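Visitor: Pasting query-v1.txt here (compact mmCIF, C-alpha atoms):
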# COMPACT_ATOMS: atom_id res chain seq x y z
CA MET A 1 -19.69 -42.20 -34.63
CA LYS A 2 -16.84 -44.28 -33.23
CA LYS A 3 -14.43 -41.55 -34.23
CA ARG A 4 -16.46 -39.00 -32.28
CA VAL A 5 -16.48 -41.27 -29.22
CA LEU A 6 -12.69 -41.52 -29.43
CA PHE A 7 -12.27 -37.78 -29.78
CA VAL A 8 -14.18 -37.01 -26.57
CA PRO A 9 -11.73 -38.73 -24.16
CA LEU A 10 -8.82 -37.46 -26.24
CA PHE A 11 -10.12 -33.91 -25.93
CA ILE A 12 -10.71 -34.30 -22.18
CA GLY A 13 -7.24 -35.81 -21.85
CA LEU A 14 -5.68 -32.89 -23.65
CA ILE A 15 -7.41 -30.40 -21.38
CA PHE A 16 -6.36 -32.48 -18.35
CA PHE A 17 -2.70 -32.59 -19.33
CA ASN A 18 -2.73 -28.97 -20.32
CA SER A 19 -4.23 -28.11 -16.94
CA CYS A 20 -1.58 -30.18 -15.19
CA ASP A 21 1.16 -28.21 -16.88
CA ARG A 22 -0.47 -25.00 -15.83
CA VAL A 23 -0.90 -26.26 -12.29
CA LYS A 24 2.74 -27.33 -12.21
CA LYS A 25 3.85 -24.00 -13.61
CA ALA A 26 1.66 -22.06 -11.18
CA PHE A 27 2.94 -24.16 -8.27
CA HIS A 28 6.52 -23.63 -9.34
CA GLU A 29 6.08 -19.91 -9.84
CA THR A 30 4.22 -19.46 -6.58
CA PHE A 31 6.71 -21.32 -4.46
CA SER A 32 9.85 -20.08 -6.16
CA ASP A 33 8.57 -16.52 -5.64
CA GLU A 34 7.81 -17.36 -2.05
CA ASN A 35 11.35 -18.68 -1.56
CA GLN A 36 12.78 -15.51 -3.03
CA ARG A 37 10.49 -13.41 -0.88
CA GLN A 38 11.56 -15.33 2.23
CA GLU A 39 15.21 -14.72 1.35
CA GLU A 40 14.59 -11.00 0.99
CA LEU A 41 12.64 -10.83 4.24
CA SER A 42 15.31 -12.86 6.05
CA ASP A 43 17.95 -10.45 4.75
CA ALA A 44 15.82 -7.47 5.81
CA PHE A 45 15.39 -8.94 9.30
CA ASN A 46 18.98 -10.03 9.88
CA ASN A 47 20.89 -7.32 7.97
CA PRO A 48 18.49 -4.37 7.87
CA ASN A 49 21.08 -1.92 6.55
CA SER A 50 22.94 -4.23 4.17
CA GLY A 51 21.39 -2.54 1.12
CA THR A 52 21.23 -5.78 -0.84
CA ARG A 53 17.48 -6.07 -1.13
CA ASN A 54 14.97 -4.28 -3.32
CA GLY A 55 17.72 -2.13 -4.83
CA LYS A 56 15.29 -0.32 -7.08
CA ASP A 57 12.91 1.10 -4.54
CA GLU A 58 15.24 1.61 -1.62
CA VAL A 59 15.98 5.30 -1.73
CA GLY A 60 19.72 5.93 -1.96
CA ARG A 61 20.68 2.69 -0.22
CA GLU A 62 23.62 2.08 -2.51
CA LYS A 63 25.18 5.33 -1.34
CA THR A 64 26.72 5.53 2.13
CA ILE A 65 26.04 8.52 4.33
CA GLU A 66 29.74 9.48 4.11
CA ASP A 67 29.52 9.45 0.29
CA ALA A 68 26.34 11.52 0.44
CA MET A 69 27.96 14.08 2.75
CA LYS A 70 30.89 14.47 0.36
CA GLU A 71 28.41 14.96 -2.48
CA LEU A 72 26.57 17.57 -0.43
CA ARG A 73 29.81 19.55 0.17
CA THR A 74 30.63 19.38 -3.55
CA ILE A 75 27.15 20.57 -4.53
CA ILE A 76 27.20 23.46 -2.06
CA ASN A 77 30.69 24.52 -3.20
CA GLU A 78 29.63 24.33 -6.86
CA HIS A 79 26.89 26.85 -6.15
CA ASP A 80 29.00 29.57 -4.53
CA ASN A 81 29.10 28.30 -0.98
CA VAL A 82 26.60 30.59 0.71
CA PHE A 83 27.31 29.38 4.22
CA ASP A 84 30.13 30.44 6.53
CA LYS A 85 32.11 27.76 8.36
CA GLN A 86 29.84 27.59 11.39
CA GLN A 87 26.67 27.54 9.28
CA MET A 88 28.14 24.83 7.04
CA GLU A 89 28.96 22.64 10.02
CA LYS A 90 25.44 23.04 11.33
CA VAL A 91 23.90 22.27 7.91
CA GLU A 92 26.03 19.14 7.59
CA GLU A 93 25.05 18.06 11.08
CA MET A 94 21.32 18.51 10.33
CA VAL A 95 21.51 16.76 6.96
CA LYS A 96 23.46 13.84 8.40
CA LYS A 97 20.96 13.48 11.24
CA GLU A 98 18.07 13.30 8.74
CA MET A 99 19.91 10.79 6.57
CA GLU A 100 20.51 8.54 9.57
CA LYS A 101 16.93 8.96 10.74
CA TRP A 102 15.36 7.98 7.42
CA GLY A 103 18.06 5.73 5.91
CA ASN A 104 17.81 8.05 2.90
CA THR A 105 20.61 9.95 1.20
CA GLU A 106 18.50 12.01 -1.22
CA PHE A 107 18.65 15.41 0.43
CA PHE A 108 20.18 17.62 -2.24
CA LEU A 109 17.45 19.01 -4.46
CA LEU A 110 17.11 22.30 -2.62
CA PHE A 111 20.86 22.89 -2.86
CA GLN A 112 20.73 22.69 -6.69
CA PRO A 113 19.07 25.78 -8.24
CA ASP A 114 19.95 24.73 -11.79
CA LYS A 115 18.32 21.35 -11.25
CA LEU A 116 15.19 23.05 -9.93
CA ASP A 117 15.01 25.15 -13.11
CA LYS A 118 15.47 22.02 -15.21
CA ILE A 119 12.68 20.28 -13.30
CA GLN A 120 10.43 23.25 -14.02
CA GLU A 121 11.21 23.01 -17.74
CA GLU A 122 10.57 19.27 -17.72
CA LEU A 123 6.97 19.79 -16.63
CA TYR A 124 6.35 21.64 -19.92
CA LEU A 125 7.69 18.64 -21.81
CA PHE A 126 5.76 16.20 -19.63
CA LEU A 127 2.48 18.04 -20.29
CA ASN A 128 3.49 18.73 -23.89
CA THR A 129 2.50 22.37 -23.72
CA ASP A 130 4.08 25.80 -24.19
CA GLU A 131 2.49 27.21 -21.07
CA VAL A 132 1.78 25.24 -17.91
CA MET A 133 -1.05 26.79 -15.94
CA LEU A 134 -0.97 26.15 -12.22
CA TYR A 135 -3.99 26.11 -9.97
CA SER A 136 -3.80 28.36 -6.93
CA SER A 137 -2.93 25.55 -4.52
CA PRO A 138 0.41 25.66 -2.72
CA ILE A 139 3.61 24.55 -4.49
CA PHE A 140 5.66 22.23 -2.31
CA VAL A 141 9.40 22.08 -2.95
CA ASP A 142 10.96 19.48 -0.66
CA TYR A 143 14.54 18.25 -0.47
CA ASP A 144 13.67 15.24 -2.63
CA ARG A 145 10.49 16.16 -4.49
CA VAL A 146 8.38 18.92 -6.01
CA ARG A 147 4.59 18.94 -6.04
CA VAL A 148 2.32 21.26 -7.98
CA VAL A 149 -1.32 21.39 -9.01
CA ALA A 150 -1.61 22.00 -12.74
CA VAL A 151 -4.40 22.37 -15.26
CA ASN A 152 -4.70 19.69 -17.92
CA PRO A 153 -3.66 21.53 -21.13
CA LYS A 154 -6.11 19.43 -23.13
CA ASN A 155 -9.03 19.97 -20.80
CA LYS A 156 -9.08 23.21 -18.84
CA SER A 157 -11.71 21.98 -16.42
CA GLU A 158 -9.43 19.21 -15.13
CA VAL A 159 -6.85 19.93 -12.46
CA ASP A 160 -4.41 17.34 -11.10
CA TRP A 161 -1.49 16.99 -8.71
CA TYR A 162 1.85 16.40 -10.38
CA SER A 163 4.97 15.38 -8.55
CA TYR A 164 8.63 15.11 -9.38
CA GLU A 165 10.78 12.82 -7.25
CA THR A 166 14.56 12.72 -7.25
CA LYS A 167 14.57 8.93 -6.91
CA THR A 168 12.79 8.52 -10.26
CA ASP A 169 14.06 11.76 -11.81
CA LYS A 170 10.80 12.42 -13.59
CA TRP A 171 7.36 13.98 -13.27
CA ARG A 172 4.30 11.87 -12.77
CA LYS A 173 0.63 12.65 -12.70
CA GLN A 174 -1.05 11.96 -9.41
CA GLU A 175 -4.55 12.24 -8.08
CA PRO A 176 -7.08 14.75 -9.42
CA LYS A 177 -7.97 17.85 -7.46
CA LYS A 178 -11.65 18.00 -6.76
CA LEU A 179 -13.27 21.23 -7.96
CA SER A 180 -16.60 22.80 -7.11
CA LYS A 181 -19.00 24.53 -9.47
CA ASN A 182 -17.78 27.83 -8.02
CA ASP A 183 -14.14 26.86 -8.70
CA LEU A 184 -14.98 26.13 -12.33
CA GLU A 185 -16.89 29.38 -12.75
CA HIS A 186 -13.89 31.35 -11.45
CA MET A 187 -11.28 29.21 -13.14
CA ASP A 188 -9.55 32.17 -14.80
CA LYS A 189 -9.01 33.84 -11.44
CA ASN A 190 -7.72 30.63 -9.89
CA ILE A 191 -5.01 29.80 -12.39
CA TYR A 192 -1.70 31.41 -13.25
CA PRO A 193 1.24 30.60 -15.54
CA PHE A 194 4.04 28.50 -14.05
CA SER A 195 6.49 30.80 -15.85
CA THR A 196 5.62 33.66 -13.45
CA ILE A 197 7.62 31.98 -10.70
CA LYS A 198 11.00 30.30 -10.64
CA LEU A 199 11.43 27.02 -8.80
CA SER A 200 15.08 27.90 -8.21
CA THR A 201 13.86 30.64 -5.85
CA ALA A 202 13.10 27.77 -3.46
CA HIS A 203 16.88 27.21 -3.24
CA GLN A 204 17.45 30.85 -2.30
CA VAL A 205 14.69 30.72 0.32
CA TYR A 206 15.96 27.42 1.73
CA THR A 207 19.56 28.57 2.08
CA GLU A 208 18.48 31.83 3.75
CA ALA A 209 16.36 29.79 6.15
CA LEU A 210 19.25 27.39 6.90
CA LYS A 211 21.55 30.32 7.68
CA ARG A 212 19.10 31.45 10.34
CA LEU A 213 18.47 27.91 11.53
CA ALA A 214 22.19 27.54 12.27
CA ASP A 215 21.71 29.92 15.21
CA ILE A 216 18.65 28.12 16.56
CA GLU A 217 19.26 25.61 19.33
CA GLY A 218 18.32 22.07 18.30
CA GLY A 219 17.37 23.16 14.76
CA GLU A 220 15.86 20.42 12.59
CA LEU A 221 16.41 20.25 8.84
CA PRO A 222 13.19 21.57 7.26
CA SER A 223 11.75 19.62 4.34
CA GLY A 224 11.49 22.74 2.15
CA PRO A 225 9.59 25.93 1.38
CA THR A 226 5.99 26.15 0.21
CA TYR A 227 4.85 28.81 -2.26
CA TYR A 228 1.42 30.40 -1.78
CA HIS A 229 0.24 32.11 -4.94
CA ASN A 230 -2.62 33.99 -3.25
CA ARG A 231 -0.14 35.64 -0.85
CA GLN A 232 2.71 35.71 -3.39
CA LEU A 233 5.21 34.37 -0.88
CA TRP A 234 7.34 31.42 0.11
CA SER A 235 6.82 30.14 3.62
CA MET A 236 8.57 27.74 5.98
CA ILE A 237 8.45 26.76 9.63
CA LEU A 238 11.88 26.44 11.25
CA ARG A 239 11.81 24.04 14.17
CA GLY A 240 14.15 24.26 17.14
CA SER A 241 14.22 22.50 20.48
CA ARG A 242 13.15 25.62 22.42
CA ALA A 243 10.96 27.42 19.87
CA ASP A 244 9.67 27.32 16.31
CA TYR A 245 10.03 30.22 13.90
CA LYS A 246 8.01 31.46 10.95
CA PHE A 247 10.12 32.27 7.90
CA GLU A 248 8.69 34.03 4.85
CA ALA A 249 10.16 35.38 1.64
CA ASP A 250 8.59 37.22 -1.26
CA LYS A 251 8.12 35.76 -4.73
CA ASP A 252 11.71 36.61 -5.64
CA GLY A 253 13.18 35.08 -2.49
CA ASN A 254 13.76 38.27 -0.47
CA VAL A 255 13.26 37.58 3.23
CA ILE A 256 10.26 39.45 4.62
CA LYS A 257 9.62 37.71 7.90
CA PHE A 258 11.58 35.71 10.44
CA GLU A 259 9.93 35.60 13.84
CA MET A 260 9.20 33.27 16.69
CA ASN A 261 5.89 31.42 16.37
CA MET B 262 1.21 -8.64 2.77
CA ILE B 263 0.06 -5.10 3.34
CA PHE B 264 -2.41 -3.90 5.90
CA SER B 265 -3.45 -0.80 7.60
CA PHE B 266 -5.75 -0.42 10.53
CA ASP B 267 -6.94 2.06 13.02
CA GLY B 268 -9.23 1.94 15.98
CA LYS B 269 -9.12 1.20 19.63
CA LEU B 270 -10.96 -2.12 19.32
CA VAL B 271 -8.41 -3.71 17.01
CA ARG B 272 -5.62 -2.39 19.14
CA ALA B 273 -7.24 -3.79 22.29
CA ILE B 274 -7.67 -7.21 20.63
CA VAL B 275 -4.06 -7.32 19.49
CA ASN B 276 -2.90 -6.19 22.92
CA GLN B 277 -4.95 -8.90 24.60
CA TYR B 278 -4.40 -11.85 22.28
CA GLY B 279 -1.31 -10.85 20.29
CA MET B 280 1.95 -12.76 20.28
CA PRO B 281 4.96 -10.61 21.20
CA THR B 282 8.02 -10.79 18.97
CA GLU B 283 10.85 -8.70 17.62
CA ALA B 284 10.38 -6.82 14.36
CA VAL B 285 12.63 -4.65 12.24
CA MET B 286 11.54 -1.55 10.33
CA TYR B 287 13.24 -2.14 7.01
CA LYS B 288 11.76 0.22 4.49
CA SER B 289 9.61 3.31 4.23
CA GLY B 290 8.25 5.11 1.22
CA TYR B 291 5.31 7.02 -0.19
CA SER B 292 2.09 5.06 0.25
CA GLY B 293 0.19 6.74 -2.58
CA ILE B 294 -2.06 8.44 -0.03
CA MET B 295 -2.29 12.18 0.55
CA LEU B 296 -3.86 13.72 3.61
CA ASN B 297 -4.25 17.48 4.05
CA TYR B 298 -1.77 18.08 1.21
CA GLN B 299 0.80 15.89 2.95
CA TYR B 300 2.22 12.69 1.51
CA ILE B 301 1.67 9.77 3.84
CA ASP B 302 4.53 7.28 4.02
CA ARG B 303 4.17 3.57 4.62
CA TYR B 304 6.57 1.86 7.03
CA ARG B 305 7.33 -1.81 6.43
CA PHE B 306 8.25 -4.18 9.22
CA VAL B 307 9.54 -7.75 9.06
CA PHE B 308 9.22 -10.34 11.82
CA GLN B 309 9.71 -14.05 12.29
CA LEU B 310 6.86 -16.54 12.77
CA PRO B 311 7.20 -19.63 15.03
CA ASP B 312 7.75 -21.86 11.96
CA SER B 313 10.90 -19.78 11.22
CA THR B 314 9.41 -18.14 8.14
CA TYR B 315 9.40 -14.37 7.85
CA GLN B 316 6.38 -12.16 7.45
CA ASP B 317 6.12 -8.52 6.56
CA ALA B 318 3.51 -6.02 7.61
CA SER B 319 3.18 -2.30 7.30
CA LEU B 320 1.81 0.71 9.07
CA LEU B 321 0.81 4.07 7.66
CA GLU B 322 2.66 7.07 9.01
CA HIS B 323 -0.46 8.73 10.38
CA HIS B 324 -1.34 5.64 12.40
CA MET B 325 1.94 5.78 14.27
CA LYS B 326 2.79 7.77 17.33
CA LYS B 327 6.54 7.81 16.75
CA TRP B 328 9.04 7.75 13.89
CA TYR B 329 11.15 4.73 13.12
CA HIS B 330 14.47 4.78 11.35
CA SER B 331 15.51 2.09 8.94
CA GLY B 332 16.94 -0.92 10.77
CA GLU B 333 15.27 -0.01 14.07
CA ARG B 334 14.26 -3.04 16.11
CA LEU B 335 11.10 -2.96 18.16
CA THR B 336 8.85 -5.35 20.03
CA ILE B 337 5.52 -5.87 18.39
CA LYS B 338 2.46 -7.99 18.99
CA TYR B 339 0.74 -9.76 16.14
CA LEU B 340 -2.41 -11.84 15.88
CA PRO B 341 -1.22 -15.43 15.20
CA LEU B 342 -4.33 -16.50 13.29
CA THR B 343 -4.09 -13.65 10.82
CA ALA B 344 -0.30 -13.54 10.55
CA SER B 345 0.11 -15.49 7.32
CA PHE B 346 -2.59 -13.76 5.30
CA TYR B 347 -3.39 -10.43 6.92
CA PRO B 348 -0.82 -9.54 9.54
CA ILE B 349 -2.01 -7.07 12.13
CA ILE B 350 0.69 -5.70 14.38
CA ILE B 351 1.11 -3.04 17.02
CA ASP B 352 4.22 -1.57 18.58
CA ILE B 353 3.75 -2.49 22.23
CA ASN B 354 5.81 0.51 23.39
CA GLU B 355 3.50 3.03 21.76
Let me see the file written as structure tokens.
Guide:
Amino acid sequence: MKKRVLFVPLFIGLIFFNSCDRVKKAFHETFSDENQRQEELSDAFNNPNSGTRNGKDEVGREKTIEDAMKELRTIINEHDNVFDKQQMEKVEEMVKKEMEKWGNTEFFLLFQPDKLDKIQEELYLFLNTDEVMLYSSPIFVDYDRVRVVAVNPKNKSEVDWYSYETKTDKWRKQEPKKLSKNDLEHMDKNIYPFSTIKLSTAHQVYTEALKRLADIEGGELPSGPTYYHNRQLWSMILRGSRADYKFEADKDGNVIKFEMN
Amino acid sequence: MIFSFDGKLVRAIVNQYGMPTEAVMYKSGYSGIMLNYQYIDRYRFVFQLPDSTYQDASLLEHHMKKWYHSGERLTIKYLPLTASFYPIIIDINE
């Protein structure tokens, strides 16, 4: 009995000391994290463009705009420079303006047709399937990301958004697309194989659009073309300071419309 | 600390009782939210509290009336009582 009586305070003592250690550890972790956070915030406040904080999720911070512009020229030259001198100057001016506006140097995807094809192939690997079926929602190809709506190869009644971002260099599954009973009943009509289009066509459409944008006063760099399966065309809006223009190309990238909005 | 808000009432309260200070937009990125097929970005701001500590707060792109570039300084108002746990800010020039 005496032994039991001795064990009770010993047990309580053990819990107490164990708790103290945890409290100490928690206190230390909390406040050391807070100190680090304060340092990062102080740096962000006092040197907002120093590029020393949050290196992982700051898009392209480690690259200066001058470096990025050199890279852009190299990329465009690698792919048979499609712009004349005046167009090239205008494209550089628009890209630089966007980089400065967003503090982001990732503006090259649409200038790299081979990379777009590789991204398309990678979705097959990501979904582990021989044929990716897309749902008839638009395909967005932006200068730093691609977004599609694809059918789950393992469950044909599930449809989800998938996106590829240049900053991570990989595909990721995003939110599900909500379907109705009618959508499910007409599923076969609503889906089509990804292999029937080429993502690199977005490059062709984009460069054709930029050529025309070079002649538009106050032209702004567009984010990228959107493909509409139901209309079998790529579409973009080109924004200028005096007017906006509608730009459309067929599935193969041949320009079919360029007119003022 | 992350927050998002909308609504005239909150804005009116912050306008009336908020403390003006300088803030810097230091980072923007995808918020994880999509609206009408468009990705909504989150803009993060940092500002200094009277005790010299720094606080961050954020606004969603579709709650803002103008774009901010990284490093842009602006005058905001924040609610002092909520600053350390749920900072609510407005850009007073909006």
Visitor: Could you write out as a VMD selection string the residues of chain A within 7 Å of chain B, counting all atoms listed in the file?
Guide: chain A and resid 38 41 to 42 44 to 45 48 to 49 101 to 103
Visitor: Quick one: pull the distance between atom CA of A:Glu106 and atom CA of A:Thr74, Å, one decimal.
Guide: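 Spanning atom CA of A:Glu106 to atom CA of A:Thr74 is a straight-line distance of 14.4 Å.
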Visitor: Which residue, B:Arg305, B:Tyr291, B:Thr282, B:Ile274, has the smallest gap to A:Lys167 when you use only C-alpha atoms?
Guide: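 Of the candidates, the smallest distance to A:Lys167 is held by B:Tyr291.
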Visitor: If we draw a sphere of 6 Å around (4.9, 7.1, 4.3), which residues have at least one atom in it when counting all atoms listed in the file? Please report them as a list in words.
Guide: Gly290, Tyr291, Ser292, Ile301, Asp302, Arg303 and Glu322 of chain B
Visitor: What separation in Å, quoted to one decimal, exists between atom CA of A:Gln232 and atom CA of A:Ala249?
Guide: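 Here the two named atoms are 9.0 Å from each other.
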Visitor: By how many Å are atom CA of B:Asn276 and atom CA of B:Lys338 apart?
Guide: 6.9 Å
Visitor: Compile the contact shell of stretch 86-95 of chain A as number ranges by chain: residues with an atom at most 8 Å away, counting all atoms listed in the file, same-chain residues fewer than 6 positions apart removed.
Guide: A: 69, 107, 210-211, 214, 219-221
